[in-house]
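> Sharing my_file.pdb below, PDB, C-alpha atoms, pLDDT in the B column:
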```pdb
ATOM      1  CA  MET L   2       4.503   2.521  10.353  1.00 76.00           C
ATOM      2  CA  ASN L   3       3.679  -0.622   8.434  1.00 86.00           C
ATOM      3  CA  GLY L   4       0.684  -1.045   6.166  1.00 92.00           C
ATOM      4  CA  GLN L   5      -0.938  -4.065   7.800  1.00 96.00           C
ATOM      5  CA  ASN L   6      -3.830  -2.271   9.530  1.00 96.00           C
ATOM      6  CA  ARG L   7      -6.612  -0.897   7.343  1.00 96.00           C
ATOM      7  CA  GLU L   8      -7.436   1.833   9.891  1.00 96.00           C
ATOM      8  CA  ASP L   9      -4.005   3.430   9.224  1.00 95.00           C
ATOM      9  CA  ILE L  10      -4.626   3.727   5.466  1.00 96.00           C
ATOM     10  CA  PHE L  11      -6.800   6.401   3.854  1.00 96.00           C
ATOM     11  CA  VAL L  12      -7.312   8.014   0.451  1.00 97.00           C
ATOM     12  CA  GLY L  13      -4.685  10.695  -0.218  1.00 97.00           C
ATOM     13  CA  LEU L  14      -2.024   9.074   1.993  1.00 97.00           C
ATOM     14  CA  GLU L  15       1.500   8.756   0.562  1.00 97.00           C
ATOM     15  CA  VAL L  16       2.751   5.174   0.790  1.00 98.00           C
ATOM     16  CA  ASP L  17       5.386   2.761  -0.504  1.00 97.00           C
ATOM     17  CA  ILE L  18       3.872  -0.361  -2.061  1.00 97.00           C
ATOM     18  CA  ILE L  19       5.221  -3.639  -3.408  1.00 97.00           C
ATOM     19  CA  LEU L  20       3.799  -4.503  -6.819  1.00 97.00           C
ATOM     20  CA  LYS L  21       3.054  -8.160  -7.604  1.00 95.00           C
ATOM     21  CA  LYS L  22       5.879  -8.256 -10.165  1.00 96.00           C
ATOM     22  CA  ASP L  23       8.334  -6.851  -7.587  1.00 96.00           C
ATOM     23  CA  GLN L  24       7.577  -9.265  -4.726  1.00 94.00           C
ATOM     24  CA  ARG L  25      10.762 -11.266  -5.265  1.00 96.00           C
ATOM     25  CA  SER L  26      13.060  -8.240  -5.520  1.00 96.00           C
ATOM     26  CA  GLY L  27      11.282  -6.207  -2.835  1.00 93.00           C
ATOM     27  CA  ARG L  28      11.387  -3.087  -5.030  1.00 97.00           C
ATOM     28  CA  LEU L  29       9.126  -0.355  -3.635  1.00 97.00           C
ATOM     29  CA  THR L  30       6.906   2.021  -5.591  1.00 98.00           C
ATOM     30  CA  ARG L  31       5.908   5.327  -3.991  1.00 98.00           C
ATOM     31  CA  GLY L  32       2.564   6.957  -4.618  1.00 98.00           C
ATOM     32  CA  THR L  33      -0.695   8.346  -3.279  1.00 98.00           C
ATOM     33  CA  VAL L  34      -3.592   6.068  -2.308  1.00 98.00           C
ATOM     34  CA  GLN L  35      -6.633   6.370  -4.599  1.00 98.00           C
ATOM     35  CA  ASP L  36      -8.595   3.274  -3.481  1.00 98.00           C
ATOM     36  CA  ILE L  37      -8.328   0.751  -0.646  1.00 98.00           C
ATOM     37  CA  LEU L  38      -8.927  -2.714  -2.100  1.00 97.00           C
ATOM     38  CA  THR L  39      -8.607  -4.944   1.000  1.00 96.00           C
ATOM     39  CA  SER L  40     -11.860  -5.163   2.947  1.00 96.00           C
ATOM     40  CA  SER L  41     -10.508  -6.869   6.084  1.00 96.00           C
ATOM     41  CA  SER L  42      -9.164  -4.765   8.966  1.00 96.00           C
ATOM     42  CA  PHE L  43      -5.743  -6.520   8.982  1.00 96.00           C
ATOM     43  CA  HIS L  44      -3.583  -8.301   6.420  1.00 96.00           C
ATOM     44  CA  SER L  45      -0.231  -9.854   7.301  1.00 94.00           C
ATOM     45  CA  ARG L  46       1.390  -8.955   3.939  1.00 94.00           C
ATOM     46  CA  GLY L  47      -0.061  -5.445   3.811  1.00 96.00           C
ATOM     47  CA  ILE L  48      -3.313  -3.791   2.800  1.00 97.00           C
ATOM     48  CA  LYS L  49      -3.863  -3.831  -0.981  1.00 98.00           C
ATOM     49  CA  VAL L  50      -4.363  -0.383  -2.534  1.00 98.00           C
ATOM     50  CA  ARG L  51      -4.584   1.316  -5.925  1.00 98.00           C
ATOM     51  CA  LEU L  52      -2.402   4.388  -6.370  1.00 98.00           C
ATOM     52  CA  THR L  53      -3.417   7.502  -8.308  1.00 98.00           C
ATOM     53  CA  SER L  54      -1.054   6.236 -11.040  1.00 97.00           C
ATOM     54  CA  GLY L  55      -3.256   3.133 -11.394  1.00 97.00           C
ATOM     55  CA  GLU L  56      -0.691   0.719  -9.962  1.00 98.00           C
ATOM     56  CA  VAL L  57      -1.991  -1.901  -7.504  1.00 98.00           C
ATOM     57  CA  GLY L  58       0.059  -3.423  -4.694  1.00 97.00           C
ATOM     58  CA  ARG L  59       0.339  -4.056  -0.973  1.00 97.00           C
ATOM     59  CA  VAL L  60       1.394  -1.284   1.391  1.00 97.00           C
ATOM     60  CA  ALA L  61       4.921  -1.895   2.683  1.00 96.00           C
ATOM     61  CA  SER L  62       5.185   1.359   4.625  1.00 96.00           C
ATOM     62  CA  ILE L  63       3.539   4.701   5.174  1.00 96.00           C
ATOM     63  CA  VAL L  64       5.676   7.695   4.202  1.00 95.00           C
ATOM     64  CA  ASP L  65       6.314  10.079   7.111  1.00 85.00           C
ATOM     65  CA  ASP L  66       7.035  13.660   6.095  1.00 68.00           C
TER      66      ASP L  66
END
```
Turn this file's structure into structure tokens for me.


Amino acid sequence: MNGQNREDIFVGLEVDIILKKDQRSGRLTRGTVQDILTSSSFHSRGIKVRLTSGEVGRVASIVDD
């Protein structure tokens, strides 16, 4: 599942995000959502979130366990 729809993202969800500094390389960072920062219901590059680690980026994918 991709991270473009806000309704799919919630606090406590484990996700892979792309940090601003990693946009060129596409390097993913895994973590747990602490805050949802995008207010719109859809974003083509992914919903922006803050992880519990404090890192901020756009959701690339939702981790399925």

> Tell me which protein, DNA and RNA residues are within 9 Å of Gln5 of chain L, counting all atoms listed in the file, leaving out same-chain ones fewer than 2 positions away, and put them as a CSV table (one decimal) with C-alpha atoms, keeping the file's coordinate frame.


```csv
chain,number,residue,atom,x,y,z
L,2,MET,CA,4.5,2.5,10.4
L,3,ASN,CA,3.7,-0.6,8.4
L,7,ARG,CA,-6.6,-0.9,7.3
L,9,ASP,CA,-4.0,3.4,9.2
L,10,ILE,CA,-4.6,3.7,5.5
L,42,SER,CA,-9.2,-4.8,9.0
L,43,PHE,CA,-5.7,-6.5,9.0
L,44,HIS,CA,-3.6,-8.3,6.4
L,45,SER,CA,-0.2,-9.9,7.3
L,46,ARG,CA,1.4,-9.0,3.9
L,47,GLY,CA,-0.1,-5.4,3.8
L,48,ILE,CA,-3.3,-3.8,2.8
L,59,ARG,CA,0.3,-4.1,-1.0
L,60,VAL,CA,1.4,-1.3,1.4
L,61,ALA,CA,4.9,-1.9,2.7
L,62,SER,CA,5.2,1.4,4.6
```

> What separation in Å, quoted to one decimal, exists between atom CA of Thr30 of chain L and atom CA of Ile18 of chain L?

5.2 Å

> Could you list, as a PyMOL selection string, every residue matched by the PyMOL selection byres ((chain L and resi 21) around 10) in this structure?

chain L and resi 18-20+22-25+27+56-59

> Let me see the file: selected residues, C-alpha atoms, as a PDB file, in the coordinates of the input.


```
ATOM      1  CA  ILE L  18       3.872  -0.361  -2.061  1.00 97.00           C
ATOM      2  CA  ILE L  19       5.221  -3.639  -3.408  1.00 97.00           C
ATOM      3  CA  LEU L  20       3.799  -4.503  -6.819  1.00 97.00           C
ATOM      4  CA  LYS L  22       5.879  -8.256 -10.165  1.00 96.00           C
ATOM      5  CA  ASP L  23       8.334  -6.851  -7.587  1.00 96.00           C
ATOM      6  CA  GLN L  24       7.577  -9.265  -4.726  1.00 94.00           C
ATOM      7  CA  ARG L  25      10.762 -11.266  -5.265  1.00 96.00           C
ATOM      8  CA  GLY L  27      11.282  -6.207  -2.835  1.00 93.00           C
ATOM      9  CA  GLU L  56      -0.691   0.719  -9.962  1.00 98.00           C
ATOM     10  CA  VAL L  57      -1.991  -1.901  -7.504  1.00 98.00           C
ATOM     11  CA  GLY L  58       0.059  -3.423  -4.694  1.00 97.00           C
ATOM     12  CA  ARG L  59       0.339  -4.056  -0.973  1.00 97.00           C
TER      13      ARG L  59
END
```

> Go through the shown structure with the PyMOL selection byres ((chain L and resi 55) around 10) and write out the matching residues as a PDB file with C-alpha atoms, in the coordinates of the input.


```
ATOM      1  CA  GLY L  32       2.564   6.957  -4.618  1.00 98.00           C
ATOM      2  CA  THR L  33      -0.695   8.346  -3.279  1.00 98.00           C
ATOM      3  CA  VAL L  34      -3.592   6.068  -2.308  1.00 98.00           C
ATOM      4  CA  GLN L  35      -6.633   6.370  -4.599  1.00 98.00           C
ATOM      5  CA  ASP L  36      -8.595   3.274  -3.481  1.00 98.00           C
ATOM      6  CA  VAL L  50      -4.363  -0.383  -2.534  1.00 98.00           C
ATOM      7  CA  ARG L  51      -4.584   1.316  -5.925  1.00 98.00           C
ATOM      8  CA  LEU L  52      -2.402   4.388  -6.370  1.00 98.00           C
ATOM      9  CA  THR L  53      -3.417   7.502  -8.308  1.00 98.00           C
ATOM     10  CA  SER L  54      -1.054   6.236 -11.040  1.00 97.00           C
ATOM     11  CA  GLU L  56      -0.691   0.719  -9.962  1.00 98.00           C
ATOM     12  CA  VAL L  57      -1.991  -1.901  -7.504  1.00 98.00           C
ATOM     13  CA  GLY L  58       0.059  -3.423  -4.694  1.00 97.00           C
TER      14      GLY L  58
END
```

> For a quick check of understanding, using only C-alpha atoms, which of L:Val64, L:Lys49, L:Ser40, L:Arg28 has the smallest distance to Val16 of chain L?

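Among L:Val64, L:Lys49, L:Ser40, L:Arg28, it is L:Val64 that comes nearest to Val16 of chain L.
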
> Kindly compute an axis-aligned box around the listed atoms of segment 19-30 of chain L, allowing 4 Å on each side, and express its centre and edge lengths in Å to one decimal as JSON.


```
{"center_x": 8.1, "center_y": -4.6, "center_z": -6.5, "size_x": 18.0, "size_y": 21.3, "size_z": 15.3}
```

> Please output segment 4-22 of chain L, rebuilt to include N, CA and C atoms, as an mmCIF file, in the coordinates of the input.


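What follows is the written file out_4.cif:
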```
data_model
loop_
_atom_site.group_PDB
_atom_site.id
_atom_site.type_symbol
_atom_site.label_atom_id
_atom_site.label_comp_id
_atom_site.auth_asym_id
_atom_site.auth_seq_id
_atom_site.Cartn_x
_atom_site.Cartn_y
_atom_site.Cartn_z
ATOM 1 N N GLY L 4 1.979 -1.165 6.820
ATOM 2 C CA GLY L 4 0.684 -1.045 6.166
ATOM 3 C C GLY L 4 -0.215 -2.241 6.373
ATOM 4 N N GLN L 5 -0.158 -2.857 7.549
ATOM 5 C CA GLN L 5 -0.938 -4.065 7.800
ATOM 6 C C GLN L 5 -2.328 -3.777 8.356
ATOM 7 N N ASN L 6 -2.536 -2.619 8.939
ATOM 8 C CA ASN L 6 -3.830 -2.271 9.530
ATOM 9 C C ASN L 6 -4.584 -1.311 8.622
ATOM 10 N N ARG L 7 -5.805 -1.701 8.257
ATOM 11 C CA ARG L 7 -6.612 -0.897 7.343
ATOM 12 C C ARG L 7 -6.930 0.477 7.930
ATOM 13 N N GLU L 8 -7.081 0.559 9.249
ATOM 14 C CA GLU L 8 -7.436 1.833 9.891
ATOM 15 C C GLU L 8 -6.347 2.897 9.724
ATOM 16 N N ASP L 9 -5.111 2.489 9.417
ATOM 17 C CA ASP L 9 -4.005 3.430 9.224
ATOM 18 C C ASP L 9 -3.937 3.975 7.802
ATOM 19 N N ILE L 10 -4.696 3.375 6.881
ATOM 20 C CA ILE L 10 -4.626 3.727 5.466
ATOM 21 C C ILE L 10 -5.871 4.525 5.078
ATOM 22 N N PHE L 11 -5.669 5.616 4.330
ATOM 23 C CA PHE L 11 -6.800 6.401 3.854
ATOM 24 C C PHE L 11 -6.452 7.021 2.500
ATOM 25 N N VAL L 12 -7.487 7.405 1.769
ATOM 26 C CA VAL L 12 -7.312 8.014 0.451
ATOM 27 C C VAL L 12 -6.523 9.313 0.602
ATOM 28 N N GLY L 13 -5.525 9.499 -0.263
ATOM 29 C CA GLY L 13 -4.685 10.695 -0.218
ATOM 30 C C GLY L 13 -3.385 10.508 0.544
ATOM 31 N N LEU L 14 -3.229 9.363 1.217
ATOM 32 C CA LEU L 14 -2.024 9.074 1.993
ATOM 33 C C LEU L 14 -0.883 8.680 1.064
ATOM 34 N N GLU L 15 0.329 9.151 1.351
ATOM 35 C CA GLU L 15 1.500 8.756 0.562
ATOM 36 C C GLU L 15 2.105 7.495 1.171
ATOM 37 N N VAL L 16 2.284 6.474 0.320
ATOM 38 C CA VAL L 16 2.751 5.174 0.790
ATOM 39 C C VAL L 16 3.787 4.590 -0.169
ATOM 40 N N ASP L 17 4.521 3.599 0.327
ATOM 41 C CA ASP L 17 5.386 2.761 -0.504
ATOM 42 C C ASP L 17 4.696 1.418 -0.623
ATOM 43 N N ILE L 18 4.519 0.931 -1.860
ATOM 44 C CA ILE L 18 3.872 -0.361 -2.061
ATOM 45 C C ILE L 18 4.818 -1.318 -2.776
ATOM 46 N N ILE L 19 4.517 -2.608 -2.656
ATOM 47 C CA ILE L 19 5.221 -3.639 -3.408
ATOM 48 C C ILE L 19 4.255 -4.164 -4.456
ATOM 49 N N LEU L 20 4.607 -3.985 -5.722
ATOM 50 C CA LEU L 20 3.799 -4.503 -6.819
ATOM 51 C C LEU L 20 3.972 -6.014 -6.899
ATOM 52 N N LYS L 21 2.997 -6.709 -7.466
ATOM 53 C CA LYS L 21 3.054 -8.160 -7.604
ATOM 54 C C LYS L 21 4.338 -8.591 -8.314
ATOM 55 N N LYS L 22 4.689 -7.891 -9.391
ATOM 56 C CA LYS L 22 5.879 -8.256 -10.165
ATOM 57 C C LYS L 22 7.185 -8.016 -9.402
#
```
